[in-house]
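The block underneath contains the structure these notes are about, expressed in structure tokens.
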Amino acid sequence: MTVYGWIILGDAATKRVNGQEVVIAAGKSGDIGVAIRAWEDAERHRMLYELGNLGRLVDAAMTRLQLHHRTPGGRGKHVPKTDDTK
């Protein structure tokens with residue numbers, strides 16, 4: 001049986017995620033659906049955590065660039081600010 005991309009065989013389920021095979025067992029509850037939902041919830045939280053870390057890393061890098069008056073891709077050259085209001 002296939003449910004949401006999972007191949008369910010008795011009390012185990014398998015799915016390919018990012019090129020790797022994930023195998024889930026039903027565990028103590030004996031309900032494979034509960035095990036799948038728990039894995040998907042944990043995976044969702046892991047992905048959000050990693051995206052948050054990446055966002056903080058990018059924010060820190062952009063802040064450092066702004067503090068040193070550098071532009072991304074500008075090879076560290078100082079770019080003087082111009083007054084475009086005239």
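Following the order of the structure tokens, chains are lettered A, B, ..., residues in each are numbered from 1, and ligands are numbered from 1.
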
Problem - Residues of stretch 2-83 of chain A in strand (DSSP E), written as an MDAnalysis selection string - result: chainID A and resid 2:3 6:9 12:17 20:25

Using N, CA and C atoms, can you export the residues from the last selection as an mmCIF file, in the first residue's frame?
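Heads up, here's the output in selection-v9.cif:
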```
data_model
loop_
_atom_site.group_PDB
_atom_site.id
_atom_site.type_symbol
_atom_site.label_atom_id
_atom_site.label_comp_id
_atom_site.auth_asym_id
_atom_site.auth_seq_id
_atom_site.Cartn_x
_atom_site.Cartn_y
_atom_site.Cartn_z
ATOM 1 N N THR A 2 0.479 2.266 -0.718
ATOM 2 C CA THR A 2 1.218 3.524 -0.763
ATOM 3 C C THR A 2 0.346 4.647 -0.203
ATOM 4 N N VAL A 3 0.881 5.380 0.758
ATOM 5 C CA VAL A 3 0.163 6.500 1.366
ATOM 6 C C VAL A 3 1.106 7.691 1.416
ATOM 7 N N TRP A 6 4.704 7.062 0.974
ATOM 8 C CA TRP A 6 5.246 5.998 1.817
ATOM 9 C C TRP A 6 4.792 4.656 1.266
ATOM 10 N N ILE A 7 5.692 3.686 1.225
ATOM 11 C CA ILE A 7 5.327 2.318 0.880
ATOM 12 C C ILE A 7 5.210 1.565 2.194
ATOM 13 N N ILE A 8 4.016 1.093 2.489
ATOM 14 C CA ILE A 8 3.747 0.445 3.773
ATOM 15 C C ILE A 8 3.705 -1.068 3.566
ATOM 16 N N LEU A 9 4.519 -1.763 4.357
ATOM 17 C CA LEU A 9 4.578 -3.224 4.329
ATOM 18 C C LEU A 9 4.395 -3.728 5.759
ATOM 19 N N ALA A 12 5.905 -1.728 8.907
ATOM 20 C CA ALA A 12 7.047 -0.899 8.492
ATOM 21 C C ALA A 12 6.644 -0.073 7.271
ATOM 22 N N ALA A 13 7.310 1.065 7.114
ATOM 23 C CA ALA A 13 7.056 1.938 5.965
ATOM 24 C C ALA A 13 8.394 2.453 5.464
ATOM 25 N N THR A 14 8.459 2.693 4.168
ATOM 26 C CA THR A 14 9.694 3.190 3.569
ATOM 27 C C THR A 14 9.375 4.299 2.577
ATOM 28 N N LYS A 15 10.325 5.224 2.453
ATOM 29 C CA LYS A 15 10.161 6.358 1.545
ATOM 30 C C LYS A 15 11.547 6.885 1.205
ATOM 31 N N ARG A 16 11.734 7.335 -0.024
ATOM 32 C CA ARG A 16 13.005 7.939 -0.427
ATOM 33 C C ARG A 16 12.899 9.445 -0.195
ATOM 34 N N VAL A 17 13.835 9.972 0.604
ATOM 35 C CA VAL A 17 13.858 11.395 0.930
ATOM 36 C C VAL A 17 15.258 11.918 0.648
ATOM 37 N N GLN A 20 17.915 9.364 -0.062
ATOM 38 C CA GLN A 20 18.182 8.329 0.933
ATOM 39 C C GLN A 20 16.891 7.623 1.305
ATOM 40 N N GLU A 21 17.003 6.333 1.540
ATOM 41 C CA GLU A 21 15.844 5.529 1.915
ATOM 42 C C GLU A 21 15.598 5.671 3.416
ATOM 43 N N VAL A 22 14.365 6.031 3.782
ATOM 44 C CA VAL A 22 13.972 6.155 5.186
ATOM 45 C C VAL A 22 13.046 4.990 5.491
ATOM 46 N N VAL A 23 13.329 4.273 6.565
ATOM 47 C CA VAL A 23 12.492 3.149 6.979
ATOM 48 C C VAL A 23 11.978 3.433 8.382
ATOM 49 N N ILE A 24 10.656 3.312 8.556
ATOM 50 C CA ILE A 24 10.003 3.585 9.833
ATOM 51 C C ILE A 24 9.321 2.298 10.294
ATOM 52 N N ALA A 25 9.451 1.980 11.576
ATOM 53 C CA ALA A 25 8.740 0.833 12.157
ATOM 54 C C ALA A 25 7.610 1.356 13.032
#
```

Handout entry: atom CA of A:Gly5 to atom CA of A:Asp31, straight-line distance in Å
Key =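 Going from atom CA of A:Asp31 over to atom CA of A:Gly5, I get 17.3 Å.
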
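Interatomic distance, atom CA of A:Gly33 to atom CA of A:Glu50: 25.7 Å.
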